[in-house]
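Written below as structure tokens is the structure these notes are about.
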Amino acid sequence: MSQSAPAVINPAQSEPPTRRFRGITNPLARFLIVRFLLIFPTVFILVTMVFLLMRSIGDPITAALGDRLTAAQLAERISAAGYDRPLVVQYFEYLGQVFTGNFGTAITDGRPVSELLVTYGSATLELAFYAVLVALIVGIPLGMVAAYYRDKWPDAVLRVAAILAYATPVFFAGLLLKLVFAVWLKVLPVAGRASTRTELQLTSLDNKSGIYLIDAFRLGSPAAIGDVLSHAVLPGLALGLLTAGIFLRLVRTNVIGSLSMDYVDAARSRGVSEYRLVRKHAYKPALIPIITVIGLQIALLLGGAVLTETTFEWKGLGFKLVEYLGARDFVAVQGIVVLLAVIVALTNFIVDIIAAIIDPRVRY
Amino acid sequence: MTTTPSRFVAVWRKLPIVHQVRQSVGLQRGMLVAGLILTGIFLLTALFAPLLAPYGFSQLRDEEGSFGAQVPPGGQHILGTTVGGYDVLSRVIWGSRTALLVIVVAVALSIFAGVLLGLVSGYLGSWIDRVLVVISDAVYAFPTLLLAIVAAIAISGGQSSFWGGVFAAAVSITVVYIPQYFRVIRAETVRIKSEAYVESAKVIGSSTPRIMFRHVFRNATRTLPLIFTLNSSEAILTLAGLGFLGFGIEPSAAAEWGYDLNKSISDVTSGIWWTSLFPGLAIVLVVLGITLVGESLNDLADPRLRTRRRADQSAPALETAPISTLALNDDIDSIDPLEARS
């Protein structure tokens, strides 16, 4: 990331120098503190909303077990779990729990939600990683191509392709990919994160990371690595192509924008080739908004991951969430949703910091 | 243009869509027209579903007996039948009606709530503004689909009749999209508040509600048709996502594309392609059509992005994406249709 910092200097020079050297207090430090404190209201608001919405239909025990237990058994379990107390009391108790990292315990299988994060979160993380990789590899070069050929046919084709990537629901893209590559051509596996054999090998590993690719490398078996990677191709593509369309548009707009900058004109007048102008001069400043947007895409990726995981039986947080939804285990659902809210808030925080470090204009 | 056009022609040329089609050139016009055609087909299909569909959406048998499950396309069932024994073509056609209803209800609700909150927040300012902005930013940063799931549970408890399902989906989508309308209207209101005509209205003693609803409202809502189109496409995708996760409307109550796609997951594994392909294509084409219209309107409304008839020298300013929760004082919110979606 720090490599792109020098390129930032150019646009930053338009900023009055006093701003960058103002006072004794470090503006970056001040930005970090303000930005960090802003996490709390965000998480607090989401926790409150989710809590109120989920509780508006009554207590979770009746919802989950209402058709299986007698009224007396239900009442007993409800009072044992404290759901018969006033809502305000429950709310403050819940806030306290979330604050200390306790996201509740699933009713149906009795597993703590924070434990799910360890078991299934790594799968979602791995999927998100593949998707971002696909998005970057596909989106950034194509965006530059579109900017280079602005308003000519390659630009038109790419822009329509980007809209098409947006218009296709990630699960439909997943089903189509599955149909073509897994069922008709039979070159890639249909679903899952690895074949049963590999999965057994991986779970027998000591202190495993849960990220199959890393575990497969540590296992040192080429067959396992190949197996894990072949399972990752289709889900990664489905989720990645959706994001690639967004990156393409973003790179295009920003490269077109920076191509009109004075320093690009200056470079052009020095005889720098058009290709090099796009590739070197206009591209790097255009990267800054992309880093910010990757952060915003985390929310999109998590939503998309829920759908992708269901399509490919990829046993991550989203897959688990849908399972709990089916079982009407709303404590677990609430826990996972709140957990994801915390993850989104934290990633946005981290991305803002990265953006602030490499681009001085972002700071407060 | 030496002769003055007749009054009818002048009015015709100022009509919203007609004006934009006339304004556009080349590729932009192509995209706009293609989008309008797709959207038009969608609207007509939704309106005339009972006439177009060969069977009812929940019909399992006719005079010749039961349809049979997973019948390949051809013959009596042009697009085949689903695993549940429904006619695919009929469900695709009826599905457009559900989609349209949800869009209309969802967008109407979110415009109403979003515009009202945006006006109040932007015009009155003070602590109300701060609080609403923080809340809307928090909701905005959150995965829309997850929030819609939570809202769907709260509204329908997961079960769904036709109207119950439509409203559950629509209200869930509304909760998610209010912040978007709010942000845009608030930003516009803040800008308009300092215009001379608002000051003048204050000077002559107009009441605050009158200024808000007469002067500010009419000027702040110029961009609404644009957000409207962009949000409709997102509403369809959210509806399909909800349906795919099992929050759809029961097949006996209405046809819903996302639900049908969910039921086709296992079909795909056994090589049955028609149950997933057609509902999926329906979603893609409708979203594509509406997005193309929205995109073109967006570009045409923005002089920096509008394709000119002659060589284009002016270039768009460097776009730095607003930083999620810090964008408290953003005066102009750029509307990128692809930026936020579930």
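Just remember, in the structure tokens the first chain shown is A, the second B, etc., residues are 1-based per chain, and ligands are 1-based in the order shown.
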
Can you tell me which residues surround segment 144-154 of chain A at a distance of at most 8 Å, considering only C-alpha atoms, apart from same-chain residues fewer than 4 positions away, and format the answer as a list of chain:residue names?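 Near neighbours after the sequence-gap exclusion: A:Ile140, A:Leu158, A:Arg159, A:Leu248, A:Val251, A:Arg252, A:Thr253, A:Val255, A:Ile256, A:Tyr275, A:Val278, A:Arg279, A:Tyr283, B:Leu27.
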
Prev. selection, N, CA and C atoms, output as a PDB file, in the first residue's frame:
```pdb
ATOM      1  N   ILE A 140      -9.953  -4.065 -12.452  1.00  0.00           N
ATOM      2  CA  ILE A 140      -9.039  -2.934 -12.623  1.00  0.00           C
ATOM      3  C   ILE A 140      -8.492  -2.833 -14.049  1.00  0.00           C
ATOM      4  N   LEU A 158     -17.768  -2.893 -22.453  1.00  0.00           N
ATOM      5  CA  LEU A 158     -17.392  -3.109 -21.054  1.00  0.00           C
ATOM      6  C   LEU A 158     -18.414  -2.505 -20.099  1.00  0.00           C
ATOM      7  N   ARG A 159     -18.949  -1.347 -20.465  1.00  0.00           N
ATOM      8  CA  ARG A 159     -19.937  -0.735 -19.571  1.00  0.00           C
ATOM      9  C   ARG A 159     -21.202  -1.569 -19.499  1.00  0.00           C
ATOM     10  N   LEU A 248     -14.799  -2.012 -12.132  1.00  0.00           N
ATOM     11  CA  LEU A 248     -14.593  -1.568 -13.508  1.00  0.00           C
ATOM     12  C   LEU A 248     -15.098  -0.136 -13.692  1.00  0.00           C
ATOM     13  N   VAL A 251     -12.908   2.397 -11.656  1.00  0.00           N
ATOM     14  CA  VAL A 251     -11.602   2.660 -12.265  1.00  0.00           C
ATOM     15  C   VAL A 251     -11.794   3.532 -13.496  1.00  0.00           C
ATOM     16  N   ARG A 252     -12.809   3.202 -14.297  1.00  0.00           N
ATOM     17  CA  ARG A 252     -13.055   3.960 -15.517  1.00  0.00           C
ATOM     18  C   ARG A 252     -13.276   5.444 -15.204  1.00  0.00           C
ATOM     19  N   THR A 253     -14.243   5.720 -14.309  1.00  0.00           N
ATOM     20  CA  THR A 253     -14.563   7.107 -13.986  1.00  0.00           C
ATOM     21  C   THR A 253     -13.335   7.846 -13.475  1.00  0.00           C
ATOM     22  N   VAL A 255     -10.035   7.064 -13.729  1.00  0.00           N
ATOM     23  CA  VAL A 255      -8.929   7.213 -14.675  1.00  0.00           C
ATOM     24  C   VAL A 255      -9.279   8.319 -15.669  1.00  0.00           C
ATOM     25  N   ILE A 256     -10.531   8.353 -16.125  1.00  0.00           N
ATOM     26  CA  ILE A 256     -10.947   9.438 -17.027  1.00  0.00           C
ATOM     27  C   ILE A 256     -10.751  10.775 -16.326  1.00  0.00           C
ATOM     28  N   TYR A 275      -0.520   4.842 -23.723  1.00  0.00           N
ATOM     29  CA  TYR A 275      -0.626   3.640 -22.905  1.00  0.00           C
ATOM     30  C   TYR A 275      -0.010   3.879 -21.540  1.00  0.00           C
ATOM     31  N   VAL A 278      -2.084   6.107 -19.222  1.00  0.00           N
ATOM     32  CA  VAL A 278      -3.152   5.404 -18.511  1.00  0.00           C
ATOM     33  C   VAL A 278      -2.559   4.487 -17.449  1.00  0.00           C
ATOM     34  N   ARG A 279      -1.554   3.726 -17.868  1.00  0.00           N
ATOM     35  CA  ARG A 279      -1.015   2.674 -17.015  1.00  0.00           C
ATOM     36  C   ARG A 279      -0.304   3.257 -15.792  1.00  0.00           C
ATOM     37  N   TYR A 283      -3.492   6.068 -13.459  1.00  0.00           N
ATOM     38  CA  TYR A 283      -4.014   4.917 -12.752  1.00  0.00           C
ATOM     39  C   TYR A 283      -3.792   5.000 -11.248  1.00  0.00           C
TER      40      TYR A 283
ATOM     41  N   LEU B  27     -24.366   6.151 -28.336  1.00  0.00           N
ATOM     42  CA  LEU B  27     -24.425   5.006 -27.437  1.00  0.00           C
ATOM     43  C   LEU B  27     -25.400   5.255 -26.293  1.00  0.00           C
TER      44      LEU B  27
END
```

List the neighbours of Ala299 of chain A out to 10 Å using only C-alpha atoms; skip same-chain residues closer than 6 positions along the sequence, and give me the result as a compact mmCIF listing (two decimals) with C-alpha atoms, in the first residue's frame.
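Result file follows (part_1.txt):
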```
# COMPACT_ATOMS: atom_id res chain seq x y z
CA ALA A 305 -21.65 -14.32 0.58
CA LEU A 340 -21.63 -9.15 11.06
CA ALA A 341 -22.53 -5.55 11.96
CA ILE A 343 -17.32 -6.89 11.43
CA VAL A 344 -18.62 -4.35 8.90
CA ALA A 345 -18.01 -1.44 11.26
CA THR A 347 -13.55 -3.20 8.37
CA ASN A 348 -14.84 0.23 7.40
CA TYR B 140 -26.44 2.48 4.90
CA ALA B 141 -23.16 0.76 5.74
CA PHE B 142 -24.87 -2.49 6.69
CA PRO B 143 -25.49 -5.34 4.22
CA THR B 144 -28.93 -4.57 2.81
CA LEU B 145 -29.95 -8.20 2.49
CA LEU B 146 -29.25 -8.99 6.15
CA ALA B 340 -24.74 -0.32 -2.71
CA ARG B 341 -26.73 -3.44 -3.16
CA SER B 342 -27.34 -6.65 -1.38
```

Atom CA of Gly210 of chain A and atom CA of Asp109 of chain A are how many Å apart?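 Pair atom CA of Gly210 of chain A / atom CA of Asp109 of chain A returns 20.9 Å.
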
Selection near segment 52-64 of chain A, 7 Å with only C-alpha atoms, sequence-local residues under 5 positions removed, as a ChimeraX atom specification: /A:74,78,83,327-331 /B:150-151,153-154,157

Print the selection's residues with N, CA and C atoms to a file, as a short mmCIF file (atom, residue, chain, number, x, y, z; two decimals), in the first residue's frame.
```cif
data_model
loop_
_atom_site.label_atom_id
_atom_site.label_comp_id
_atom_site.auth_asym_id
_atom_site.auth_seq_id
_atom_site.Cartn_x
_atom_site.Cartn_y
_atom_site.Cartn_z
N LEU A 74 -42.80 -24.54 27.66
CA LEU A 74 -42.39 -23.28 27.03
C LEU A 74 -42.21 -22.20 28.09
N ILE A 78 -38.93 -20.13 28.93
CA ILE A 78 -38.93 -18.68 28.72
C ILE A 78 -38.46 -17.96 29.99
N TYR A 83 -36.79 -14.30 29.28
CA TYR A 83 -37.54 -13.58 28.27
C TYR A 83 -38.87 -13.05 28.79
N ALA A 327 -34.62 -23.01 10.74
CA ALA A 327 -35.03 -23.62 12.01
C ALA A 327 -35.76 -22.62 12.91
N ARG A 328 -35.93 -21.40 12.45
CA ARG A 328 -36.55 -20.32 13.21
C ARG A 328 -35.83 -20.08 14.54
N ASP A 329 -34.52 -20.27 14.54
CA ASP A 329 -33.72 -20.00 15.73
C ASP A 329 -33.28 -18.54 15.67
N PHE A 330 -34.13 -17.67 16.20
CA PHE A 330 -33.88 -16.24 15.99
C PHE A 330 -32.82 -15.68 16.91
N VAL A 331 -32.50 -16.39 17.99
CA VAL A 331 -31.39 -15.93 18.83
C VAL A 331 -30.09 -16.03 18.04
N VAL B 150 -33.91 -9.47 8.61
CA VAL B 150 -34.38 -9.17 9.97
C VAL B 150 -35.75 -8.51 9.90
N ALA B 151 -35.91 -7.55 8.98
CA ALA B 151 -37.19 -6.87 8.85
C ALA B 151 -38.28 -7.84 8.42
N ILE B 153 -38.46 -11.02 9.06
CA ILE B 153 -38.85 -11.84 10.21
C ILE B 153 -39.82 -11.05 11.09
N ALA B 154 -39.45 -9.78 11.33
CA ALA B 154 -40.26 -8.96 12.23
C ALA B 154 -41.67 -8.77 11.66
N GLY B 157 -42.94 -12.82 10.37
CA GLY B 157 -42.55 -14.00 11.12
C GLY B 157 -42.11 -15.11 10.19
#
```

List the spatial neighbours of segment 81-97 of chain B as a ChimeraX atom specification - criterion: any atom at most 8 Å away, only C-alpha atoms, same-chain residues fewer than 4 positions off excluded. /B:42-43,45-47,49-50,52-60,67-73,77,101,254-257,263-264,267,274-275,278-279,282

DSSP says alpha helix (DSSP H) for which residues of segment 36-262 of chain B? Put them as a PyMOL selection string? chain B and resi 36-47+49-52+88-124+126-141+144-156+162-193+196-203+208-210+217-220+224-242+257-262

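Between atom CA of Arg218 of chain B and atom CA of Arg191 of chain B the interatomic distance comes to 13.3 Å.
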
Quick one: distance from atom CA of Trp273 of chain B to atom CA of Leu38 of chain B in Å, one decimal?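 The value is 23.6 Å.
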
Taking 6 positions as the minimum chain separation for residues in the same chain, which residues sit within 9 Å of Leu242 of chain B when counting only C-alpha atoms? Answer as a list in words.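 Near Leu242 of chain B, the qualifying residues are Leu145, Ala148, Ile149, Ala152, Ala169, Gly248, Gly258 and Tyr259 of chain B.
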
Set the distance at 7 Å and use only C-alpha atoms: which residues neighbour Gly118 of chain B once local chain neighbours fewer than 2 positions away are removed? I'd like the list as a ChimeraX atom specification. /B:114-116,120-122,182-183,185-186

Output for the residues just chosen: C-alpha atoms as a compact mmCIF listing (two decimals), in the first residue's frame:
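Resulting contents of part05.txt:
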```txt
# COMPACT_ATOMS: atom_id res chain seq x y z
CA GLY B 114 -37.14 9.23 3.07
CA VAL B 115 -38.27 12.52 1.56
CA LEU B 116 -40.08 13.61 4.70
CA VAL B 120 -37.06 17.91 8.03
CA SER B 121 -33.49 16.93 8.80
CA GLY B 122 -31.92 19.09 6.12
CA PHE B 182 -32.84 10.54 3.02
CA ARG B 183 -29.23 11.26 2.07
CA ILE B 185 -32.99 14.80 -0.26
CA ARG B 186 -31.14 16.07 2.80
```

Residues near Ala240 of chain B, anyone? I mean within 10 Å using only C-alpha atoms, not counting same-chain ones fewer than 3 positions away, as a VMD selection string. (chain A and resid 169 171 to 172) or (chain B and resid 99 169 234 to 237 243 to 248 256 to 262 279 to 280 283)

Mind writing the picked residues with N, CA and C atoms as a PDB file, in the first residue's frame?
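That gives us out_16.pdb:
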```pdb
ATOM      1  N   PRO A 169     -28.275 -11.600 -10.333  1.00  0.00           N
ATOM      2  CA  PRO A 169     -28.171 -11.949  -8.915  1.00  0.00           C
ATOM      3  C   PRO A 169     -27.048 -12.965  -8.745  1.00  0.00           C
ATOM      4  N   PHE A 171     -26.683 -15.468  -6.962  1.00  0.00           N
ATOM      5  CA  PHE A 171     -27.042 -16.887  -6.907  1.00  0.00           C
ATOM      6  C   PHE A 171     -27.401 -17.429  -8.285  1.00  0.00           C
ATOM      7  N   PHE A 172     -27.938 -16.564  -9.144  1.00  0.00           N
ATOM      8  CA  PHE A 172     -28.232 -17.015 -10.511  1.00  0.00           C
ATOM      9  C   PHE A 172     -26.926 -17.234 -11.273  1.00  0.00           C
TER      10      PHE A 172
ATOM     11  N   ALA B  99     -43.224  -8.905  -8.703  1.00  0.00           N
ATOM     12  CA  ALA B  99     -42.080  -7.995  -8.660  1.00  0.00           C
ATOM     13  C   ALA B  99     -42.543  -6.545  -8.763  1.00  0.00           C
ATOM     14  N   ALA B 169     -42.086  -8.137   2.056  1.00  0.00           N
ATOM     15  CA  ALA B 169     -40.935  -7.871   1.204  1.00  0.00           C
ATOM     16  C   ALA B 169     -40.788  -6.369   0.976  1.00  0.00           C
ATOM     17  N   GLU B 234     -32.796  -2.300  -7.492  1.00  0.00           N
ATOM     18  CA  GLU B 234     -32.275  -2.896  -6.260  1.00  0.00           C
ATOM     19  C   GLU B 234     -33.373  -3.619  -5.502  1.00  0.00           C
ATOM     20  N   ALA B 235     -34.590  -3.070  -5.576  1.00  0.00           N
ATOM     21  CA  ALA B 235     -35.708  -3.714  -4.889  1.00  0.00           C
ATOM     22  C   ALA B 235     -35.954  -5.108  -5.462  1.00  0.00           C
ATOM     23  N   ILE B 236     -35.866  -5.235  -6.795  1.00  0.00           N
ATOM     24  CA  ILE B 236     -36.073  -6.549  -7.408  1.00  0.00           C
ATOM     25  C   ILE B 236     -35.008  -7.525  -6.925  1.00  0.00           C
ATOM     26  N   LEU B 237     -33.766  -7.052  -6.892  1.00  0.00           N
ATOM     27  CA  LEU B 237     -32.686  -7.944  -6.470  1.00  0.00           C
ATOM     28  C   LEU B 237     -32.845  -8.340  -5.005  1.00  0.00           C
ATOM     29  N   GLY B 243     -36.382 -14.119  -1.452  1.00  0.00           N
ATOM     30  CA  GLY B 243     -37.066 -15.319  -1.929  1.00  0.00           C
ATOM     31  C   GLY B 243     -36.115 -16.499  -1.965  1.00  0.00           C
ATOM     32  N   PHE B 244     -34.900 -16.241  -2.415  1.00  0.00           N
ATOM     33  CA  PHE B 244     -33.904 -17.296  -2.540  1.00  0.00           C
ATOM     34  C   PHE B 244     -33.559 -17.878  -1.170  1.00  0.00           C
ATOM     35  N   LEU B 245     -33.614 -17.043  -0.139  1.00  0.00           N
ATOM     36  CA  LEU B 245     -33.278 -17.524   1.201  1.00  0.00           C
ATOM     37  C   LEU B 245     -34.493 -18.099   1.913  1.00  0.00           C
ATOM     38  N   GLY B 246     -35.618 -18.200   1.216  1.00  0.00           N
ATOM     39  CA  GLY B 246     -36.776 -18.826   1.825  1.00  0.00           C
ATOM     40  C   GLY B 246     -37.748 -17.846   2.444  1.00  0.00           C
ATOM     41  N   PHE B 247     -37.584 -16.548   2.166  1.00  0.00           N
ATOM     42  CA  PHE B 247     -38.551 -15.578   2.655  1.00  0.00           C
ATOM     43  C   PHE B 247     -39.499 -15.163   1.555  1.00  0.00           C
ATOM     44  N   GLY B 248     -39.551 -15.968   0.540  1.00  0.00           N
ATOM     45  CA  GLY B 248     -40.420 -15.645  -0.576  1.00  0.00           C
ATOM     46  C   GLY B 248     -41.857 -15.889  -0.198  1.00  0.00           C
ATOM     47  N   GLU B 256     -42.912 -16.132  -7.464  1.00  0.00           N
ATOM     48  CA  GLU B 256     -41.798 -15.235  -7.112  1.00  0.00           C
ATOM     49  C   GLU B 256     -40.524 -15.862  -7.643  1.00  0.00           C
ATOM     50  N   TRP B 257     -39.760 -15.081  -8.413  1.00  0.00           N
ATOM     51  CA  TRP B 257     -38.604 -15.631  -9.129  1.00  0.00           C
ATOM     52  C   TRP B 257     -37.537 -16.182  -8.190  1.00  0.00           C
ATOM     53  N   GLY B 258     -37.247 -15.439  -7.122  1.00  0.00           N
ATOM     54  CA  GLY B 258     -36.197 -15.874  -6.204  1.00  0.00           C
ATOM     55  C   GLY B 258     -36.537 -17.209  -5.563  1.00  0.00           C
ATOM     56  N   TYR B 259     -37.801 -17.376  -5.187  1.00  0.00           N
ATOM     57  CA  TYR B 259     -38.248 -18.633  -4.588  1.00  0.00           C
ATOM     58  C   TYR B 259     -38.052 -19.780  -5.575  1.00  0.00           C
ATOM     59  N   ASP B 260     -38.438 -19.551  -6.837  1.00  0.00           N
ATOM     60  CA  ASP B 260     -38.294 -20.598  -7.851  1.00  0.00           C
ATOM     61  C   ASP B 260     -36.824 -20.965  -8.048  1.00  0.00           C
ATOM     62  N   LEU B 261     -35.949 -19.947  -7.985  1.00  0.00           N
ATOM     63  CA  LEU B 261     -34.525 -20.235  -8.136  1.00  0.00           C
ATOM     64  C   LEU B 261     -34.022 -21.080  -6.982  1.00  0.00           C
ATOM     65  N   ASN B 262     -34.506 -20.786  -5.779  1.00  0.00           N
ATOM     66  CA  ASN B 262     -34.101 -21.569  -4.624  1.00  0.00           C
ATOM     67  C   ASN B 262     -34.476 -23.031  -4.825  1.00  0.00           C
ATOM     68  N   PRO B 279     -36.491 -18.173 -14.740  1.00  0.00           N
ATOM     69  CA  PRO B 279     -36.723 -17.144 -13.719  1.00  0.00           C
ATOM     70  C   PRO B 279     -35.506 -16.236 -13.547  1.00  0.00           C
ATOM     71  N   GLY B 280     -34.305 -16.834 -13.632  1.00  0.00           N
ATOM     72  CA  GLY B 280     -33.075 -16.046 -13.497  1.00  0.00           C
ATOM     73  C   GLY B 280     -32.960 -15.008 -14.591  1.00  0.00           C
ATOM     74  N   ILE B 283     -35.176 -12.051 -14.012  1.00  0.00           N
ATOM     75  CA  ILE B 283     -34.607 -11.073 -13.083  1.00  0.00           C
ATOM     76  C   ILE B 283     -33.565 -10.224 -13.796  1.00  0.00           C
TER      77      ILE B 283
END
```

Have a look at A:Leu125, A:Ile107, A:Ile294, A:Ala167 and name the one nearest to chain B; count only C-alpha atoms.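 Nearest to chain B: A:Ala167.
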